[in-house]
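Following: one structure in structure tokens, then a few remarks.
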Amino acid sequence: MNKFIPKKKFGQNFLKNKEIIKKIIFFIQPKKNNFLIEIGPGLGSLTIPITKFKSTVFVIEIDNKLCIFLKKIFKNSKKIKIINSNILYFNYLEILNKNSINIENRIFGNLPYNICTKIILNLTKYNKYILDMHFMVQYEVGCRIFAIPGSKFYGRLSVILQYYYKIIPLMIVKSDNFFPKPKVNSYFIRFIPHKNKYPDVDVFKLKEITKIAFSQRRKIIKNSLSKIFTNKIFVKLGIDSNLRAQNLTVLDYCRLTYFF
């Protein structure tokens, strides 16, 4: 670790606790037929032990120096491919296995705190090819992602991501398990793309409705959403218009899109 000075601009915090690493691998349960994509491998703390499962692993890393370091470690491995790229602009279709029903595409990583939601939202475009995803995210962001209606953390991000995924919080990881030590704890979370749980909706409309609703979350929805919905629509859908944005379910928001 002393050879590398973590770069703040890349949000680099390297996982160092071996017991936590073992737990993460236990949760992921990699298998031989898996096609794995790791986002932000850092020094390879997860990559190295995962190679023992003989899965095909594509590693995407923005830091060129770390790519050089990882290529030296895996120079004799045909199962590991190192890609130097900015994950926010990466086209996953270039590497996802889209042809064989026997190959399971799975994604995992310790995501930079400053762009973790952008990364996950971008991945929604590829859900039909993905079996599951396992990500380390900032603790508070994790709380927002899997929050239930009525919770103080429940908001626009909760609705959008829960529309796409079954979300399972797996463990809290304290900040002192990383180098350098971040100011906050982390959450390790599993994301499983839904198969027809919610009706197909115009996601742009879903995003717009939730943006308006949660920007005025103290107001009841018949006031905060009055410019786009009449009270008759709430009655028709069986939604109490005296509720606030945080009290509506994901399904409620999906149904509202048809009247927007």
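FYI, nothing fancy with the structure tokens labels: chains A, B, ... in order, residues from 1 per chain, ligands from 1 as they appear.
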
Report as JSON lines: every residue of region 179-236 of chain A with an atom at most 10 Å from region 140-146 of chain A, its closest pair of atoms, and their distance in Å to one decimal, counting only C-alpha atoms, with rows sorted by chain and ascending residue number.
```
{"residue": "A:Val184", "atom": "CA", "partner": "A:Glu140", "partner_atom": "CA", "distance": 8.6}
{"residue": "A:Asn185", "atom": "CA", "partner": "A:Glu140", "partner_atom": "CA", "distance": 8.4}
{"residue": "A:Ser186", "atom": "CA", "partner": "A:Gly142", "partner_atom": "CA", "distance": 7.7}
{"residue": "A:Tyr187", "atom": "CA", "partner": "A:Gly142", "partner_atom": "CA", "distance": 5.8}
{"residue": "A:Phe188", "atom": "CA", "partner": "A:Gly142", "partner_atom": "CA", "distance": 8.0}
{"residue": "A:Ile189", "atom": "CA", "partner": "A:Gly142", "partner_atom": "CA", "distance": 7.5}
{"residue": "A:Phe191", "atom": "CA", "partner": "A:Phe146", "partner_atom": "CA", "distance": 10.0}
```

Can I get the selected residues back with N, CA, C and O atoms, as a PDB file, in the first residue's frame?
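What follows is the written file result24.pdb:
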```pdb
ATOM      1  N   VAL A 184     -16.943   8.427   6.982  1.00  0.00           N
ATOM      2  CA  VAL A 184     -18.226   7.763   7.264  1.00  0.00           C
ATOM      3  C   VAL A 184     -18.111   6.255   7.070  1.00  0.00           C
ATOM      4  O   VAL A 184     -17.168   5.761   6.434  1.00  0.00           O
ATOM      5  N   ASN A 185     -19.072   5.523   7.622  1.00  0.00           N
ATOM      6  CA  ASN A 185     -19.138   4.079   7.437  1.00  0.00           C
ATOM      7  C   ASN A 185     -19.730   3.750   6.069  1.00  0.00           C
ATOM      8  O   ASN A 185     -20.190   4.642   5.345  1.00  0.00           O
ATOM      9  N   SER A 186     -19.735   2.459   5.745  1.00  0.00           N
ATOM     10  CA  SER A 186     -20.251   2.010   4.453  1.00  0.00           C
ATOM     11  C   SER A 186     -21.306   0.930   4.650  1.00  0.00           C
ATOM     12  O   SER A 186     -21.417   0.335   5.719  1.00  0.00           O
ATOM     13  N   TYR A 187     -22.059   0.680   3.573  1.00  0.00           N
ATOM     14  CA  TYR A 187     -23.027  -0.408   3.543  1.00  0.00           C
ATOM     15  C   TYR A 187     -22.691  -1.305   2.360  1.00  0.00           C
ATOM     16  O   TYR A 187     -22.421  -0.802   1.268  1.00  0.00           O
ATOM     17  N   PHE A 188     -22.701  -2.620   2.590  1.00  0.00           N
ATOM     18  CA  PHE A 188     -22.524  -3.560   1.483  1.00  0.00           C
ATOM     19  C   PHE A 188     -23.907  -4.095   1.139  1.00  0.00           C
ATOM     20  O   PHE A 188     -24.610  -4.631   1.995  1.00  0.00           O
ATOM     21  N   ILE A 189     -24.309  -3.932  -0.132  1.00  0.00           N
ATOM     22  CA  ILE A 189     -25.700  -4.163  -0.542  1.00  0.00           C
ATOM     23  C   ILE A 189     -25.778  -5.041  -1.791  1.00  0.00           C
ATOM     24  O   ILE A 189     -24.961  -4.922  -2.699  1.00  0.00           O
ATOM     25  N   PHE A 191     -28.076  -6.105  -5.113  1.00  0.00           N
ATOM     26  CA  PHE A 191     -29.106  -5.624  -6.035  1.00  0.00           C
ATOM     27  C   PHE A 191     -29.471  -6.756  -6.995  1.00  0.00           C
ATOM     28  O   PHE A 191     -28.593  -7.270  -7.691  1.00  0.00           O
TER      29      PHE A 191
END
```

- List every residue of region 1-232 of chain A that DSSP, applied to the backbone of this structure, places in helix (DSSP H, G or I), and write the result as a VMD selection string. chain A and resid 8 to 10 18 to 28 47 to 53 64 to 73 87 to 89 92 to 94 113 to 129 139 to 145 156 to 164 175 to 177 203 to 215 221 to 224 231 to 232

- Query: as a list in words, which residues of region 8-72 of chain A does DSSP assign to strand (DSSP E)?
  - Reply: Phe14, Leu15, Asn34, Phe35, Leu36, Ile37, Glu38, Ile39, Thr56, Val57, Phe58, Val59, Ile60 and Glu61 of chain A

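One distance worth recording is that between CA of Thr124 (chain A) and CA of Leu170 (chain A), which is 20.5 Å.
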
- Task: Work out how far apart CA of Lys152 (chain A) and CA of Arg244 (chain A) are and give it in Å to one decimal.
- Result: 11.7 Å

- Option closest in space to Ile192 (chain A), from A:Tyr89, A:Tyr139, A:Tyr154, A:Tyr129 [counting only C-alpha atoms]: A:Tyr129

- Query: Counting only C-alpha atoms, what is within 9 Å of Leu256 (chain A), bar same-chain residues fewer than 6 positions away, as a PyMOL selection string?
  - Reply: chain A and resi 205-206+209+229+233-234+237

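Here CA of Arg217 (chain A) and CA of Thr249 (chain A) stand 14.1 Å from one another.
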
Dump as a Markdown table the rows for residues of region 100-157 of chain A within 10 Å of region 54-61 of chain A: closest atom pair and distance in Å with one decimal, only C-alpha atoms counted, ordered by chain and rising residue number.
```
| residue | atom | partner | partner_atom | distance |
| --- | --- | --- | --- | --- |
| A:Ile103 | CA | A:Thr56 | CA | 9.9 |
| A:Asn105 | CA | A:Thr56 | CA | 9.7 |
| A:Arg106 | CA | A:Val57 | CA | 9.6 |
| A:Ile107 | CA | A:Phe58 | CA | 9.4 |
| A:Phe108 | CA | A:Val59 | CA | 9.9 |
| A:Gly109 | CA | A:Val59 | CA | 9.5 |
```

- Message: Could you check the closest approach to Ile62 (chain A) for each of A:Phe204, A:Phe74, A:Phe90, A:Phe27 and tell me which residue wins, using only C-alpha atoms?
- Response: A:Phe90

- Query: Any idea what's packed within 12 Å of region 12-19 of chain A, counting only C-alpha atoms, ignoring anything in its chain fewer than 5 positions away? Could you give it as a PyMOL selection string?
  - Reply: chain A and resi 1-2+4-7+24-26+39-49+61-63+66+109-115+136-138+173-186

Neighbour list for Tyr164 (chain A) as a PDB file with N, CA and C atoms, in the first residue's frame, cut-off 10 Å, only C-alpha atoms, skip fewer than 5 positions in-chain:
```
ATOM      1  N   LEU A 121     -27.378   3.929 -11.248  1.00  0.00           N
ATOM      2  CA  LEU A 121     -28.456   4.339 -12.142  1.00  0.00           C
ATOM      3  C   LEU A 121     -28.099   4.058 -13.606  1.00  0.00           C
ATOM      4  N   THR A 124     -28.801   0.445 -14.743  1.00  0.00           N
ATOM      5  CA  THR A 124     -30.173  -0.008 -14.968  1.00  0.00           C
ATOM      6  C   THR A 124     -30.453  -0.302 -16.442  1.00  0.00           C
ATOM      7  N   LYS A 125     -29.688   0.307 -17.336  1.00  0.00           N
ATOM      8  CA  LYS A 125     -29.881   0.095 -18.775  1.00  0.00           C
ATOM      9  C   LYS A 125     -29.524  -1.321 -19.206  1.00  0.00           C
ATOM     10  N   ASN A 127     -29.936  -4.180 -17.204  1.00  0.00           N
ATOM     11  CA  ASN A 127     -30.497  -5.144 -16.257  1.00  0.00           C
ATOM     12  C   ASN A 127     -30.866  -6.497 -16.862  1.00  0.00           C
ATOM     13  N   VAL A 159     -37.272   5.202  -4.505  1.00  0.00           N
ATOM     14  CA  VAL A 159     -38.327   4.825  -5.459  1.00  0.00           C
ATOM     15  C   VAL A 159     -37.725   4.342  -6.772  1.00  0.00           C
ATOM     16  N   PHE A 191     -28.076  -6.105  -5.113  1.00  0.00           N
ATOM     17  CA  PHE A 191     -29.106  -5.624  -6.035  1.00  0.00           C
ATOM     18  C   PHE A 191     -29.471  -6.756  -6.995  1.00  0.00           C
ATOM     19  N   ILE A 192     -30.741  -7.123  -7.039  1.00  0.00           N
ATOM     20  CA  ILE A 192     -31.204  -8.163  -7.957  1.00  0.00           C
ATOM     21  C   ILE A 192     -32.254  -7.546  -8.881  1.00  0.00           C
ATOM     22  N   PRO A 193     -31.992  -7.485 -10.183  1.00  0.00           N
ATOM     23  CA  PRO A 193     -32.964  -6.884 -11.106  1.00  0.00           C
ATOM     24  C   PRO A 193     -34.331  -7.574 -11.011  1.00  0.00           C
ATOM     25  N   HIS A 194     -35.391  -6.770 -10.939  1.00  0.00           N
ATOM     26  CA  HIS A 194     -36.749  -7.312 -10.874  1.00  0.00           C
ATOM     27  C   HIS A 194     -37.128  -7.968 -12.195  1.00  0.00           C
ATOM     28  N   LYS A 195     -37.912  -9.020 -12.082  1.00  0.00           N
ATOM     29  CA  LYS A 195     -38.512  -9.654 -13.252  1.00  0.00           C
ATOM     30  C   LYS A 195     -40.021  -9.423 -13.176  1.00  0.00           C
ATOM     31  N   ASN A 196     -40.470  -8.328 -13.780  1.00  0.00           N
ATOM     32  CA  ASN A 196     -41.899  -8.021 -13.883  1.00  0.00           C
ATOM     33  C   ASN A 196     -42.596  -7.784 -12.535  1.00  0.00           C
ATOM     34  N   LYS A 197     -41.890  -7.280 -11.529  1.00  0.00           N
ATOM     35  CA  LYS A 197     -42.560  -6.982 -10.262  1.00  0.00           C
ATOM     36  C   LYS A 197     -43.484  -5.780 -10.400  1.00  0.00           C
ATOM     37  N   TYR A 198     -43.022  -4.770 -11.118  1.00  0.00           N
ATOM     38  CA  TYR A 198     -43.811  -3.550 -11.301  1.00  0.00           C
ATOM     39  C   TYR A 198     -44.231  -3.418 -12.764  1.00  0.00           C
TER      40      TYR A 198
END
```

- Message: When you look at Ile212 (chain A) with a cut-off of 8 Å (counting only C-alpha atoms), what residues show up, excluding the ones that are within fewer than 3 positions of it in the same chain? I need them as a count of residues only.
- Response: 6

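With distances restricted to only C-alpha atoms, A:Arg156 is the closest residue to Phe214 (chain A) from A:Arg255, A:Lys81, A:Lys22, A:Arg156.
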